[in-house]
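The next block is run-v6.pdb, given as PDB, C-alpha atoms and all ligand atoms.
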ATOM      1  CA  MET Y   1     148.024 124.643 124.987
ATOM      2  CA  SER Y   2     151.165 126.022 123.363
ATOM      3  CA  GLU Y   3     152.160 123.690 120.575
ATOM      4  CA  VAL Y   4     155.697 122.434 120.458
ATOM      5  CA  LEU Y   5     155.749 119.802 117.780
ATOM      6  CA  SER Y   6     153.364 117.988 115.502
ATOM      7  CA  PHE Y   7     153.571 114.908 113.325
ATOM      8  CA  HIS Y   8     151.308 114.106 110.381
ATOM      9  CA  PHE Y   9     150.589 110.805 108.689
ATOM     10  CA  ASP Y  10     148.415 109.554 105.882
ATOM     11  CA  VAL Y  11     147.094 106.174 106.902
ATOM     12  CA  ASP Y  12     146.677 103.841 103.916
ATOM     13  CA  GLY Y  13     143.387 102.008 104.104
ATOM     14  CA  ASN Y  14     144.087  99.462 101.399
ATOM     15  CA  ASP Y  15     146.855  97.518 103.039
ATOM     16  CA  PHE Y  16     146.421  95.925 106.439
ATOM     17  CA  THR Y  17     150.126  95.150 106.636
ATOM     18  CA  CYS Y  18     150.830  98.899 106.693
ATOM     19  CA  ALA Y  19     148.436  99.576 109.580
ATOM     20  CA  GLY Y  20     150.392 100.758 112.580
ATOM     21  CA  GLN Y  21     153.328 102.242 110.719
ATOM     22  CA  ALA Y  22     152.423 105.726 111.873
ATOM     23  CA  SER Y  23     152.205 104.560 115.484
ATOM     24  CA  VAL Y  24     155.627 102.924 115.314
ATOM     25  CA  GLN Y  25     157.051 106.155 113.923
ATOM     26  CA  VAL Y  26     155.340 108.249 116.605
ATOM     27  CA  LYS Y  27     156.757 106.006 119.295
ATOM     28  CA  LYS Y  28     160.250 106.576 117.895
ATOM     29  CA  ASN Y  29     159.744 110.311 117.791
ATOM     30  CA  LEU Y  30     158.415 110.449 121.349
ATOM     31  CA  ARG Y  31     161.382 108.426 122.619
ATOM     32  CA  ARG Y  32     163.706 110.991 121.083
ATOM     33  CA  LEU Y  33     161.879 113.712 122.987
ATOM     34  CA  GLY Y  34     162.753 111.943 126.215
ATOM     35  CA  LEU Y  35     159.208 111.493 127.506
ATOM     36  CA  SER Y  36     158.560 108.897 130.218
ATOM     37  CA  PRO Y  37     158.200 105.286 129.017
ATOM     38  CA  GLU Y  38     154.745 105.069 130.626
ATOM     39  CA  THR Y  39     153.517 108.135 128.750
ATOM     40  CA  ILE Y  40     154.990 106.883 125.501
ATOM     41  CA  ARG Y  41     153.367 103.516 125.943
ATOM     42  CA  ARG Y  42     149.942 105.009 126.646
ATOM     43  CA  VAL Y  43     150.124 107.226 123.561
ATOM     44  CA  SER Y  44     151.431 104.366 121.407
ATOM     45  CA  ILE Y  45     148.759 101.861 122.355
ATOM     46  CA  ALA Y  46     145.902 104.356 122.019
ATOM     47  CA  MET Y  47     147.138 105.565 118.659
ATOM     48  CA  TYR Y  48     147.806 102.066 117.362
ATOM     49  CA  GLU Y  49     144.262 100.967 118.219
ATOM     50  CA  GLY Y  50     142.900 104.069 116.495
ATOM     51  CA  GLU Y  51     145.102 103.584 113.463
ATOM     52  CA  ILE Y  52     144.076  99.933 113.132
ATOM     53  CA  ASN Y  53     140.432 101.011 113.354
ATOM     54  CA  MET Y  54     140.892 103.553 110.575
ATOM     55  CA  VAL Y  55     142.275 100.814 108.364
ATOM     56  CA  ILE Y  56     139.844  98.011 109.147
ATOM     57  CA  HIS Y  57     136.657 100.039 109.549
ATOM     58  CA  ALA Y  58     137.125 103.254 107.579
ATOM     59  CA  GLY Y  59     139.425 102.672 104.616
ATOM     60  CA  GLY Y  60     142.238 104.777 106.027
ATOM     61  CA  GLY Y  61     142.510 108.427 106.934
ATOM     62  CA  HIS Y  62     144.756 111.015 108.463
ATOM     63  CA  ALA Y  63     146.572 111.006 111.800
ATOM     64  CA  GLU Y  64     148.135 113.885 113.634
ATOM     65  CA  VAL Y  65     150.025 113.921 116.903
ATOM     66  CA  ARG Y  66     150.605 117.199 118.688
ATOM     67  CA  VAL Y  67     153.089 117.429 121.478
ATOM     68  CA  ALA Y  68     152.624 120.431 123.725
ATOM     69  CA  GLN Y  69     154.002 121.414 127.118
ATOM     70  CA  ASP Y  70     151.143 119.945 129.082
ATOM     71  CA  ALA Y  71     149.758 117.142 126.909
ATOM     72  CA  ILE Y  72     150.010 114.999 123.846
ATOM     73  CA  GLU Y  73     147.031 115.082 121.508
ATOM     74  CA  ILE Y  74     146.253 112.388 118.968
ATOM     75  CA  ILE Y  75     143.814 113.345 116.230
ATOM     76  CA  LEU Y  76     142.477 110.674 113.893
ATOM     77  CA  GLU Y  77     140.250 111.619 110.984
ATOM     78  CA  ASP Y  78     138.664 109.429 108.362
ATOM     79  CA  LYS Y  79     136.013 109.621 105.673
ATOM     80  CA  GLY Y  80     134.722 106.133 106.424
ATOM     81  CA  PRO Y  81     131.174 104.965 107.112
ATOM     82  CA  GLY Y  82     131.014 106.660 110.518
ATOM     83  CA  ILE Y  83     129.787 105.134 113.793
ATOM     84  CA  ALA Y  84     126.020 105.038 114.182
ATOM     85  CA  ASP Y  85     125.916 104.297 117.914
ATOM     86  CA  ILE Y  86     129.047 105.487 119.672
ATOM     87  CA  GLU Y  87     127.908 104.300 123.097
ATOM     88  CA  LYS Y  88     127.472 100.801 121.747
ATOM     89  CA  ALA Y  89     130.811 100.921 119.912
ATOM     90  CA  MET Y  90     132.485 101.848 123.209
ATOM     91  CA  GLN Y  91     131.276  98.663 124.899
ATOM     92  CA  ALA Y  92     133.957  96.071 125.546
ATOM     93  CA  GLY Y  93     133.531  93.215 123.086
ATOM     94  CA  TYR Y  94     131.347  95.051 120.595
ATOM     95  CA  SER Y  95     132.769  94.646 117.111
ATOM     96  CA  THR Y  96     131.573  94.677 113.518
ATOM     97  CA  ALA Y  97     134.920  93.366 112.257
ATOM     98  CA  PRO Y  98     134.607  90.452 109.818
ATOM     99  CA  ASP Y  99     136.193  87.048 110.454
ATOM    100  CA  THR Y 100     138.991  87.843 108.023
ATOM    101  CA  ILE Y 101     140.135  90.581 110.391
ATOM    102  CA  ARG Y 102     139.762  88.303 113.398
ATOM    103  CA  SER Y 103     141.994  85.732 111.750
ATOM    104  CA  LEU Y 104     144.611  88.481 111.516
ATOM    105  CA  GLY Y 105     144.523  88.960 115.281
ATOM    106  CA  PHE Y 106     142.174  91.931 115.574
ATOM    107  CA  GLY Y 107     138.492  92.639 116.008
ATOM    108  CA  ALA Y 108     137.905  91.665 119.637
ATOM    109  CA  GLY Y 109     135.950  94.827 120.232
ATOM    110  CA  MET Y 110     138.463  96.110 122.752
ATOM    111  CA  GLY Y 111     139.998  98.939 120.716
ATOM    112  CA  LEU Y 112     137.806 101.871 121.694
ATOM    113  CA  PRO Y 113     137.613 100.848 125.391
ATOM    114  CA  ASN Y 114     141.380 100.513 125.313
ATOM    115  CA  MET Y 115     141.796 103.967 123.790
ATOM    116  CA  LYS Y 116     139.690 105.358 126.610
ATOM    117  CA  ARG Y 117     141.629 103.481 129.234
ATOM    118  CA  TYR Y 118     145.041 104.647 128.094
ATOM    119  CA  THR Y 119     144.210 108.315 127.614
ATOM    120  CA  ASP Y 120     143.033 111.134 129.854
ATOM    121  CA  SER Y 121     140.317 112.137 127.434
ATOM    122  CA  LEU Y 122     138.709 110.636 124.368
ATOM    123  CA  ASP Y 123     136.313 112.527 122.152
ATOM    124  CA  ILE Y 124     134.552 110.893 119.219
ATOM    125  CA  GLN Y 125     132.695 112.914 116.594
ATOM    126  CA  SER Y 126     131.115 110.753 113.968
ATOM    127  CA  THR Y 127     128.516 111.145 111.252
ATOM    128  CA  VAL Y 128     127.195 108.154 109.381
ATOM    129  CA  GLY Y 129     128.186 108.339 105.734
ATOM    130  CA  VAL Y 130     130.596 111.198 106.354
ATOM    131  CA  GLY Y 131     133.349 110.014 108.652
ATOM    132  CA  THR Y 132     134.836 109.974 112.109
ATOM    133  CA  ARG Y 133     137.080 112.325 114.037
ATOM    134  CA  ILE Y 134     138.673 111.121 117.244
ATOM    135  CA  VAL Y 135     140.691 113.314 119.592
ATOM    136  CA  MET Y 136     142.623 111.717 122.432
ATOM    137  CA  ARG Y 137     144.660 113.501 125.056
ATOM    138  CA  VAL Y 138     147.372 112.196 127.328
ATOM    139  CA  ASN Y 139     148.417 114.686 129.973
ATOM    140  CA  LEU Y 140     152.070 115.237 130.733
ATOM    141  CA  ASP Y 141     152.731 115.706 134.406
ATOM    142  CA  ASN Y 142     156.068 117.425 134.284
TER     143      ASN Y 142
ATOM    144  CA  MET R 143     164.815  84.251 133.293
ATOM    145  CA  LYS R 144     167.346  85.070 130.616
ATOM    146  CA  ILE R 145     166.089  84.993 127.036
ATOM    147  CA  CYS R 146     168.742  82.381 126.209
ATOM    148  CA  LYS R 147     167.059  80.132 128.782
ATOM    149  CA  ILE R 148     163.769  80.486 126.882
ATOM    150  CA  GLN R 149     165.584  79.563 123.714
ATOM    151  CA  GLU R 150     167.034  76.497 125.409
ATOM    152  CA  LEU R 151     163.759  75.385 127.044
ATOM    153  CA  LEU R 152     161.808  75.701 123.797
ATOM    154  CA  ASP R 153     164.601  74.394 121.627
ATOM    155  CA  ALA R 154     164.134  77.536 119.574
ATOM    156  CA  ARG R 155     166.013  79.160 116.746
ATOM    157  CA  VAL R 156     167.117  82.758 117.158
ATOM    158  CA  LEU R 157     165.933  84.760 114.161
ATOM    159  CA  VAL R 158     166.724  88.246 115.457
ATOM    160  CA  GLY R 159     168.602  89.619 118.457
ATOM    161  CA  GLU R 160     171.423  87.182 119.162
ATOM    162  CA  GLU R 161     173.140  89.991 121.052
ATOM    163  CA  ASP R 162     170.218  90.422 123.466
ATOM    164  CA  LEU R 163     169.906  86.813 124.617
ATOM    165  CA  GLY R 164     171.424  87.768 127.961
ATOM    166  CA  LYS R 165     168.537  90.122 128.798
ATOM    167  CA  HIS R 166     166.352  89.171 131.770
ATOM    168  CA  VAL R 167     162.579  88.827 131.462
ATOM    169  CA  TYR R 168     160.123  88.154 134.268
ATOM    170  CA  SER R 169     156.764  87.396 132.711
ATOM    171  CA  ALA R 170     155.160  86.274 129.486
ATOM    172  CA  CYS R 171     151.828  85.898 127.748
ATOM    173  CA  GLY R 172     150.531  83.645 125.013
ATOM    174  CA  SER R 173     147.951  84.747 122.454
ATOM    175  CA  ASP R 174     147.041  84.743 118.782
ATOM    176  CA  MET R 175     144.722  87.676 119.326
ATOM    177  CA  MET R 176     146.648  90.948 119.216
ATOM    178  CA  SER R 177     143.501  92.800 120.297
ATOM    179  CA  ASP R 178     143.623  90.858 123.568
ATOM    180  CA  VAL R 179     147.322  91.459 124.009
ATOM    181  CA  LEU R 180     146.741  95.185 123.634
ATOM    182  CA  ALA R 181     143.805  95.153 126.028
ATOM    183  CA  PHE R 182     144.750  92.708 128.756
ATOM    184  CA  VAL R 183     148.502  92.426 128.900
ATOM    185  CA  LYS R 184     150.446  94.537 131.322
ATOM    186  CA  ASP R 185     154.206  94.546 131.620
ATOM    187  CA  GLN R 186     154.752  91.078 130.179
ATOM    188  CA  ALA R 187     158.039  91.072 128.338
ATOM    189  CA  VAL R 188     157.555  87.988 126.177
ATOM    190  CA  LEU R 189     154.811  87.254 123.656
ATOM    191  CA  VAL R 190     154.301  83.636 122.639
ATOM    192  CA  THR R 191     152.163  83.436 119.510
ATOM    193  CA  GLY R 192     151.134  81.288 116.574
ATOM    194  CA  LEU R 193     149.989  84.290 114.540
ATOM    195  CA  VAL R 194     152.369  85.387 111.826
ATOM    196  CA  ASN R 195     151.931  88.866 110.453
ATOM    197  CA  VAL R 196     153.718  92.149 110.884
ATOM    198  CA  GLN R 197     151.124  93.375 113.382
ATOM    199  CA  VAL R 198     152.540  90.899 115.892
ATOM    200  CA  ILE R 199     155.817  92.795 115.900
ATOM    201  CA  ARG R 200     154.086  96.184 115.967
ATOM    202  CA  THR R 201     151.910  95.066 118.872
ATOM    203  CA  ALA R 202     154.971  93.873 120.779
ATOM    204  CA  GLU R 203     156.695  97.182 120.077
ATOM    205  CA  MET R 204     153.688  99.209 121.261
ATOM    206  CA  MET R 205     153.610  97.149 124.468
ATOM    207  CA  ASP R 206     157.364  97.547 125.091
ATOM    208  CA  MET R 207     157.882  93.797 124.896
ATOM    209  CA  VAL R 208     161.397  92.515 124.414
ATOM    210  CA  CYS R 209     160.897  89.064 122.901
ATOM    211  CA  VAL R 210     158.451  87.355 120.533
ATOM    212  CA  VAL R 211     158.351  83.565 120.305
ATOM    213  CA  PHE R 212     156.681  82.025 117.263
ATOM    214  CA  VAL R 213     155.395  78.530 117.935
ATOM    215  CA  ARG R 214     154.625  75.624 115.576
ATOM    216  CA  ASP R 215     157.782  76.507 113.673
ATOM    217  CA  LYS R 216     156.139  79.457 111.978
ATOM    218  CA  GLN R 217     158.448  81.430 109.739
ATOM    219  CA  PRO R 218     158.108  85.195 110.025
ATOM    220  CA  THR R 219     158.536  87.299 106.891
ATOM    221  CA  GLU R 220     161.618  89.373 106.072
ATOM    222  CA  GLU R 221     159.624  92.520 106.757
ATOM    223  CA  MET R 222     158.742  91.265 110.238
ATOM    224  CA  LEU R 223     162.350  90.432 111.011
ATOM    225  CA  ARG R 224     163.542  93.793 109.743
ATOM    226  CA  LEU R 225     161.020  95.619 111.922
ATOM    227  CA  ALA R 226     161.909  93.499 114.966
ATOM    228  CA  LYS R 227     165.556  94.327 114.506
ATOM    229  CA  GLU R 228     164.787  98.006 114.163
ATOM    230  CA  CYS R 229     162.730  97.854 117.370
ATOM    231  CA  GLY R 230     165.286  95.815 119.311
ATOM    232  CA  ILE R 231     162.926  92.860 119.737
ATOM    233  CA  VAL R 232     164.369  89.350 120.012
ATOM    234  CA  VAL R 233     162.585  86.869 117.726
ATOM    235  CA  LEU R 234     162.620  83.143 118.443
ATOM    236  CA  ALA R 235     160.994  80.278 116.542
ATOM    237  CA  SER R 236     160.124  76.984 118.212
ATOM    238  CA  LYS R 237     158.634  73.765 116.883
ATOM    239  CA  LYS R 238     156.535  73.395 120.011
ATOM    240  CA  ARG R 239     152.848  74.161 120.074
ATOM    241  CA  MET R 240     151.363  77.060 121.985
ATOM    242  CA  TYR R 241     150.049  75.064 124.932
ATOM    243  CA  GLU R 242     153.259  73.183 125.423
ATOM    244  CA  ALA R 243     155.524  76.194 124.961
ATOM    245  CA  CYS R 244     153.580  78.240 127.508
ATOM    246  CA  GLY R 245     153.468  75.295 129.926
ATOM    247  CA  ILE R 246     157.204  74.791 129.768
ATOM    248  CA  LEU R 247     157.965  78.449 130.358
ATOM    249  CA  TYR R 248     155.414  78.734 133.149
ATOM    250  CA  SER R 249     156.599  75.660 134.988
ATOM    251  CA  ASN R 250     160.153  76.934 134.796
ATOM    252  CA  GLY R 251     159.214  80.104 136.610
ATOM    253  CA  LEU R 252     158.255  82.542 133.887
ATOM    254  CA  VAL R 253     154.917  83.673 135.253
ATOM    255  CA  GLY R 254     151.989  85.262 133.519
ATOM    256  CA  ASN R 255     150.430  88.249 135.158
ATOM    257  CA  LYS R 256     147.189  88.879 136.880
ATOM    258  CA  LEU R 257     144.604  89.493 134.194
ATOM    259  CA  LYS R 258     143.879  93.139 134.557
ATOM    260  CA  GLU R 259     140.422  93.943 133.320
ATOM    261  CA  PRO R 260     140.148  97.222 131.462
ATOM    262  CA  THR R 261     138.492  99.737 133.742
ATOM    263  CA  ALA R 262     136.969 101.778 130.943
TER     264      ALA R 262
HETATM  265  N1  LIG Y 301     137.092 104.808 112.529
HETATM  266  C1  LIG Y 301     135.963 104.062 112.545
HETATM  267  N2  LIG Y 301     135.052 104.169 111.555
HETATM  268  C2  LIG Y 301     133.903 103.444 111.568
HETATM  269  N3  LIG Y 301     133.590 102.582 112.548
HETATM  270  C3  LIG Y 301     134.460 102.429 113.574
HETATM  271  C4  LIG Y 301     135.682 103.144 113.637
HETATM  272  N4  LIG Y 301     136.321 102.816 114.777
HETATM  273  C5  LIG Y 301     135.540 101.912 115.388
HETATM  274  N5  LIG Y 301     134.416 101.685 114.668
HETATM  275  C6  LIG Y 301     133.285 100.799 115.057
HETATM  276  O1  LIG Y 301     133.329 100.567 116.459
HETATM  277  C7  LIG Y 301     133.434  99.159 116.717
HETATM  278  C8  LIG Y 301     134.268  98.916 117.950
HETATM  279  O2  LIG Y 301     135.627  99.322 117.739
HETATM  280  P1  LIG Y 301     136.779  98.634 118.595
HETATM  281  O3  LIG Y 301     136.428  98.764 120.026
HETATM  282  O4  LIG Y 301     138.084  99.198 118.163
HETATM  283  O5  LIG Y 301     136.647  97.111 118.208
HETATM  284  P2  LIG Y 301     137.137  96.314 116.922
HETATM  285  O6  LIG Y 301     138.047  97.220 116.121
HETATM  286  O7  LIG Y 301     137.868  95.148 117.475
HETATM  287  O8  LIG Y 301     135.920  95.949 116.163
HETATM  288  C9  LIG Y 301     134.025  98.590 115.444
HETATM  289  O9  LIG Y 301     133.741  97.214 115.298
HETATM  290  C10 LIG Y 301     133.345  99.441 114.389
HETATM  291  O10 LIG Y 301     132.014  99.011 114.157
HETATM  292 MG    MG Y 302     139.624  98.242 116.968
END

Would you mind giving the structure from this file in structure tokens?
Ligand SMILES: Nc1ncnc2c1ncn2[C@@H]1O[C@H](COP(=O)(O)OP(=O)(O)O)[C@@H](O)[C@H]1O
Ligand SMILES: [Mg+2]
Amino acid sequence: MSEVLSFHFDVDGNDFTCAGQASVQVKKNLRRLGLSPETIRRVSIAMYEGEINMVIHAGGGHAEVRVAQDAIEIILEDKGPGIADIEKAMQAGYSTAPDTIRSLGFGAGMGLPNMKRYTDSLDIQSTVGVGTRIVMRVNLDN
Amino acid sequence: MKICKIQELLDARVLVGEEDLGKHVYSACGSDMMSDVLAFVKDQAVLVTGLVNVQVIRTAEMMDMVCVVFVRDKQPTEEMLRLAKECGIVVLASKKRMYEACGILYSNGLVGNKLKEPTA
């Protein structure tokens, strides 16, 4: 995969109102590259869900988006509590989000399933007490 | 339906996007749960919501929506309005409640969509 462009973001874990800023910026950047609206939307939604997760579950982290000839890769890394049972976390409706988060409109347990749905591949590496690394890929059929 | 028709039907104030009121939209959804909007909505152009925080605008932007209607006369923050403007999203505010607002729009021809279950 020959790399063309990459974007980096520090995702602030202390301020819920900032969650999603990186995704909005990525969407802008991808529009400028002239990618198809469908591709841009898939990347945006998947990244936004991941970014929100980093903020509400992991205290923030680092996001990187790589745009190559054949695919867009979204890499999300955090030093949060990690995910003990990834299979369980992937189930629709499973959520450990507190009610405070739910009152803000999130925490329905649909984020990870949604990230899987909107991408061509989703890989989660997580170690309890160490952190989580998620790599998502959206193929470009050009 | 033109966005100006939504404004008229809901007796709404235009907070952002006066210049885009002539745009046509064909479907809408109503929710206070952005997680559900992100997971279940497909191609709806209008989001009717009673939730007021900046994530509402970001969610609409991620979903390529063109109009957000705040019900119960909720007043969005300056930051929300600024972001909506930047994203080209029309923002309306109506005194009506969620149920009524959605009912009015629906009965005037602005449909919802088939609920598409995530296949993951
Ligand atoms: N980056 C992360 N770090 C730690 N736990 C996470 C992370 N992302 C997701 N999780 C766990 O997986 C669960 C399911 O995530 P998700 O499907 O996005 O639902 P929600 O965010 O609505 O809870 C979360 O409730 C949380 O327990
Ligand atoms: Mg989530």

Result set of the PyMOL selection byres ((chain Y and not hetatm) within 10 of (chain R)) on the coordinates above, as a VMD selection string: chain Y and resid 16 to 21 23 to 24 27 to 28 37 to 38 40 to 49 52 90 to 92 102 to 118

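Closest approach to ligand MG 302 (chain Y) among Y:Gly59, Y:Gly34, Y:Gly50, Y:Pro81 is made by Y:Gly50 (distances from only C-alpha atoms and all ligand atoms).
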
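Minimum atom-to-atom distance to R:Lys238, evaluated using only C-alpha atoms, belongs to R:Leu151 out of R:Val253, R:Leu151, R:His166, R:Ala202.
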
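If you look at atom CA of R:Asp185 and atom CA of R:Tyr168, they are 9.1 Å away from each other.
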
Take every atom of stretch 231-237 of chain R listed in the file, pad by 5 Å on each side, and give me the axis-aligned box centre and edge lengths in Å, one decimal, as JSON.
{"center_x": 161.5, "center_y": 83.3, "center_z": 118.3, "size_x": 15.7, "size_y": 29.1, "size_z": 13.5}

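Going from atom O9 of ligand LIG 301 (chain Y) over to atom CA of Y:Arg66, you cover 26.4 Å.
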
Reference answer for the PyMOL selection byres (((chain R and resi 146) around 9) and not hetatm), as a ChimeraX atom specification: /R:143-145,147-151,160,162-165

Spatial sel., origin (166.9, 93.7, 113.2), limit 12 Å, all atoms listed in the file, listed as a PyMOL selection string: chain R and resi 156-162+199+220-233

Tell me which protein, DNA and RNA residues are within 6 Å of R:Lys237, counting all atoms listed in the file, leaving out same-chain ones fewer than 6 positions away, and put them as a PDB file with C-alpha atoms, in the coordinates of the input.
ATOM      1  CA  VAL R 213     155.395  78.530 117.935  1.00  0.00           C
ATOM      2  CA  ARG R 214     154.625  75.624 115.576  1.00  0.00           C
ATOM      3  CA  ASP R 215     157.782  76.507 113.673  1.00  0.00           C
TER       4      ASP R 215
END

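Taking atom C4 of ligand LIG 301 (chain Y) as the reference point, atom CA of Y:Val26 is found at 20.5 Å.
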
Using only C-alpha atoms, determine which residues lie at most 8 Å from stretch 126-141 of chain Y, disregarding the query and same-chain residues fewer than 4 positions distant; provide the list as a PDB file with C-alpha atoms, keeping the file's coordinate frame.
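Listed below is the output, around.pdb:
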ATOM      1  CA  THR Y  39     153.517 108.135 128.750  1.00  0.00           C
ATOM      2  CA  ARG Y  42     149.942 105.009 126.646  1.00  0.00           C
ATOM      3  CA  VAL Y  43     150.124 107.226 123.561  1.00  0.00           C
ATOM      4  CA  ALA Y  58     137.125 103.254 107.579  1.00  0.00           C
ATOM      5  CA  GLN Y  69     154.002 121.414 127.118  1.00  0.00           C
ATOM      6  CA  ASP Y  70     151.143 119.945 129.082  1.00  0.00           C
ATOM      7  CA  ALA Y  71     149.758 117.142 126.909  1.00  0.00           C
ATOM      8  CA  ILE Y  72     150.010 114.999 123.846  1.00  0.00           C
ATOM      9  CA  GLU Y  73     147.031 115.082 121.508  1.00  0.00           C
ATOM     10  CA  ILE Y  74     146.253 112.388 118.968  1.00  0.00           C
ATOM     11  CA  ILE Y  75     143.814 113.345 116.230  1.00  0.00           C
ATOM     12  CA  LEU Y  76     142.477 110.674 113.893  1.00  0.00           C
ATOM     13  CA  GLU Y  77     140.250 111.619 110.984  1.00  0.00           C
ATOM     14  CA  ASP Y  78     138.664 109.429 108.362  1.00  0.00           C
ATOM     15  CA  LYS Y  79     136.013 109.621 105.673  1.00  0.00           C
ATOM     16  CA  GLY Y  80     134.722 106.133 106.424  1.00  0.00           C
ATOM     17  CA  PRO Y  81     131.174 104.965 107.112  1.00  0.00           C
ATOM     18  CA  GLY Y  82     131.014 106.660 110.518  1.00  0.00           C
ATOM     19  CA  ILE Y  83     129.787 105.134 113.793  1.00  0.00           C
ATOM     20  CA  ALA Y  84     126.020 105.038 114.182  1.00  0.00           C
ATOM     21  CA  MET Y 115     141.796 103.967 123.790  1.00  0.00           C
ATOM     22  CA  TYR Y 118     145.041 104.647 128.094  1.00  0.00           C
ATOM     23  CA  THR Y 119     144.210 108.315 127.614  1.00  0.00           C
ATOM     24  CA  ASP Y 120     143.033 111.134 129.854  1.00  0.00           C
ATOM     25  CA  SER Y 121     140.317 112.137 127.434  1.00  0.00           C
ATOM     26  CA  LEU Y 122     138.709 110.636 124.368  1.00  0.00           C
TER      27      LEU Y 122
END

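Considering the residues Y:Ala68, Y:Phe9, Y:Asn53, Y:Ile101 and counting all atoms listed in the file, Y:Leu35 has its shortest atom-to-atom contact with Y:Ala68.
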
Contacts of R:Gly245 at 12 Å (only C-alpha atoms; same-chain gap of 4+ positions) as a PyMOL selection string: chain R and resi 148+151-152+170-172+190+238-241+249-254

Applied to the shown file, which residues does the PyMOL selection byres (((chain Y and resi 12) around 7) and not hetatm) return, written as an mmCIF file with C-alpha atoms, keeping the file's coordinate frame?
data_model
loop_
_atom_site.group_PDB
_atom_site.id
_atom_site.type_symbol
_atom_site.label_atom_id
_atom_site.label_comp_id
_atom_site.auth_asym_id
_atom_site.auth_seq_id
_atom_site.Cartn_x
_atom_site.Cartn_y
_atom_site.Cartn_z
ATOM 1 C CA ASP Y 10 148.415 109.554 105.882
ATOM 2 C CA VAL Y 11 147.094 106.174 106.902
ATOM 3 C CA GLY Y 13 143.387 102.008 104.104
ATOM 4 C CA ASN Y 14 144.087 99.462 101.399
ATOM 5 C CA ASP Y 15 146.855 97.518 103.039
ATOM 6 C CA VAL Y 55 142.275 100.814 108.364
ATOM 7 C CA GLY Y 60 142.238 104.777 106.027
ATOM 8 C CA GLY Y 61 142.510 108.427 106.934
#

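Counting only C-alpha atoms and all ligand atoms, the residue from Y:Ala97, Y:Ala63, Y:Leu30, Y:Val4 that sits nearest to ligand MG 302 (chain Y) is Y:Ala97.
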
Hey, could you patch up stretch 168-178 of chain R with N, CA, C and O atoms and hand it over as a PDB file, keeping the file's coordinate frame?
ATOM      1  N   TYR R 168     160.750  88.668 133.051  1.00  0.00           N
ATOM      2  CA  TYR R 168     160.123  88.154 134.268  1.00  0.00           C
ATOM      3  C   TYR R 168     158.713  87.607 134.079  1.00  0.00           C
ATOM      4  O   TYR R 168     158.183  86.952 134.962  1.00  0.00           O
ATOM      5  N   SER R 169     158.112  87.919 132.930  1.00  0.00           N
ATOM      6  CA  SER R 169     156.764  87.396 132.711  1.00  0.00           C
ATOM      7  C   SER R 169     156.481  87.294 131.222  1.00  0.00           C
ATOM      8  O   SER R 169     157.163  87.915 130.408  1.00  0.00           O
ATOM      9  N   ALA R 170     155.475  86.507 130.897  1.00  0.00           N
ATOM     10  CA  ALA R 170     155.160  86.274 129.486  1.00  0.00           C
ATOM     11  C   ALA R 170     153.660  86.126 129.297  1.00  0.00           C
ATOM     12  O   ALA R 170     152.917  85.969 130.267  1.00  0.00           O
ATOM     13  N   CYS R 171     153.229  86.183 128.043  1.00  0.00           N
ATOM     14  CA  CYS R 171     151.828  85.898 127.748  1.00  0.00           C
ATOM     15  C   CYS R 171     151.768  85.143 126.435  1.00  0.00           C
ATOM     16  O   CYS R 171     152.682  85.214 125.625  1.00  0.00           O
ATOM     17  N   GLY R 172     150.699  84.393 126.245  1.00  0.00           N
ATOM     18  CA  GLY R 172     150.531  83.645 125.013  1.00  0.00           C
ATOM     19  C   GLY R 172     149.207  83.994 124.383  1.00  0.00           C
ATOM     20  O   GLY R 172     148.163  83.898 125.039  1.00  0.00           O
ATOM     21  N   SER R 173     149.201  84.408 123.115  1.00  0.00           N
ATOM     22  CA  SER R 173     147.951  84.747 122.454  1.00  0.00           C
ATOM     23  C   SER R 173     148.126  84.857 120.943  1.00  0.00           C
ATOM     24  O   SER R 173     149.182  85.243 120.466  1.00  0.00           O
ATOM     25  N   ASP R 174     147.069  84.516 120.225  1.00  0.00           N
ATOM     26  CA  ASP R 174     147.041  84.743 118.782  1.00  0.00           C
ATOM     27  C   ASP R 174     146.193  85.970 118.473  1.00  0.00           C
ATOM     28  O   ASP R 174     146.061  86.375 117.337  1.00  0.00           O
ATOM     29  N   MET R 175     145.614  86.542 119.509  1.00  0.00           N
ATOM     30  CA  MET R 175     144.722  87.676 119.326  1.00  0.00           C
ATOM     31  C   MET R 175     145.442  88.943 119.788  1.00  0.00           C
ATOM     32  O   MET R 175     145.582  89.185 120.990  1.00  0.00           O
ATOM     33  N   MET R 176     145.913  89.743 118.845  1.00  0.00           N
ATOM     34  CA  MET R 176     146.648  90.948 119.216  1.00  0.00           C
ATOM     35  C   MET R 176     145.746  91.943 119.948  1.00  0.00           C
ATOM     36  O   MET R 176     146.189  92.675 120.815  1.00  0.00           O
ATOM     37  N   SER R 177     144.451  91.942 119.588  1.00  0.00           N
ATOM     38  CA  SER R 177     143.501  92.800 120.297  1.00  0.00           C
ATOM     39  C   SER R 177     143.520  92.509 121.798  1.00  0.00           C
ATOM     40  O   SER R 177     143.461  93.418 122.617  1.00  0.00           O
ATOM     41  N   ASP R 178     143.596  91.232 122.151  1.00  0.00           N
ATOM     42  CA  ASP R 178     143.623  90.858 123.568  1.00  0.00           C
ATOM     43  C   ASP R 178     144.950  91.229 124.216  1.00  0.00           C
ATOM     44  O   ASP R 178     144.983  91.656 125.368  1.00  0.00           O
TER      45      ASP R 178
END
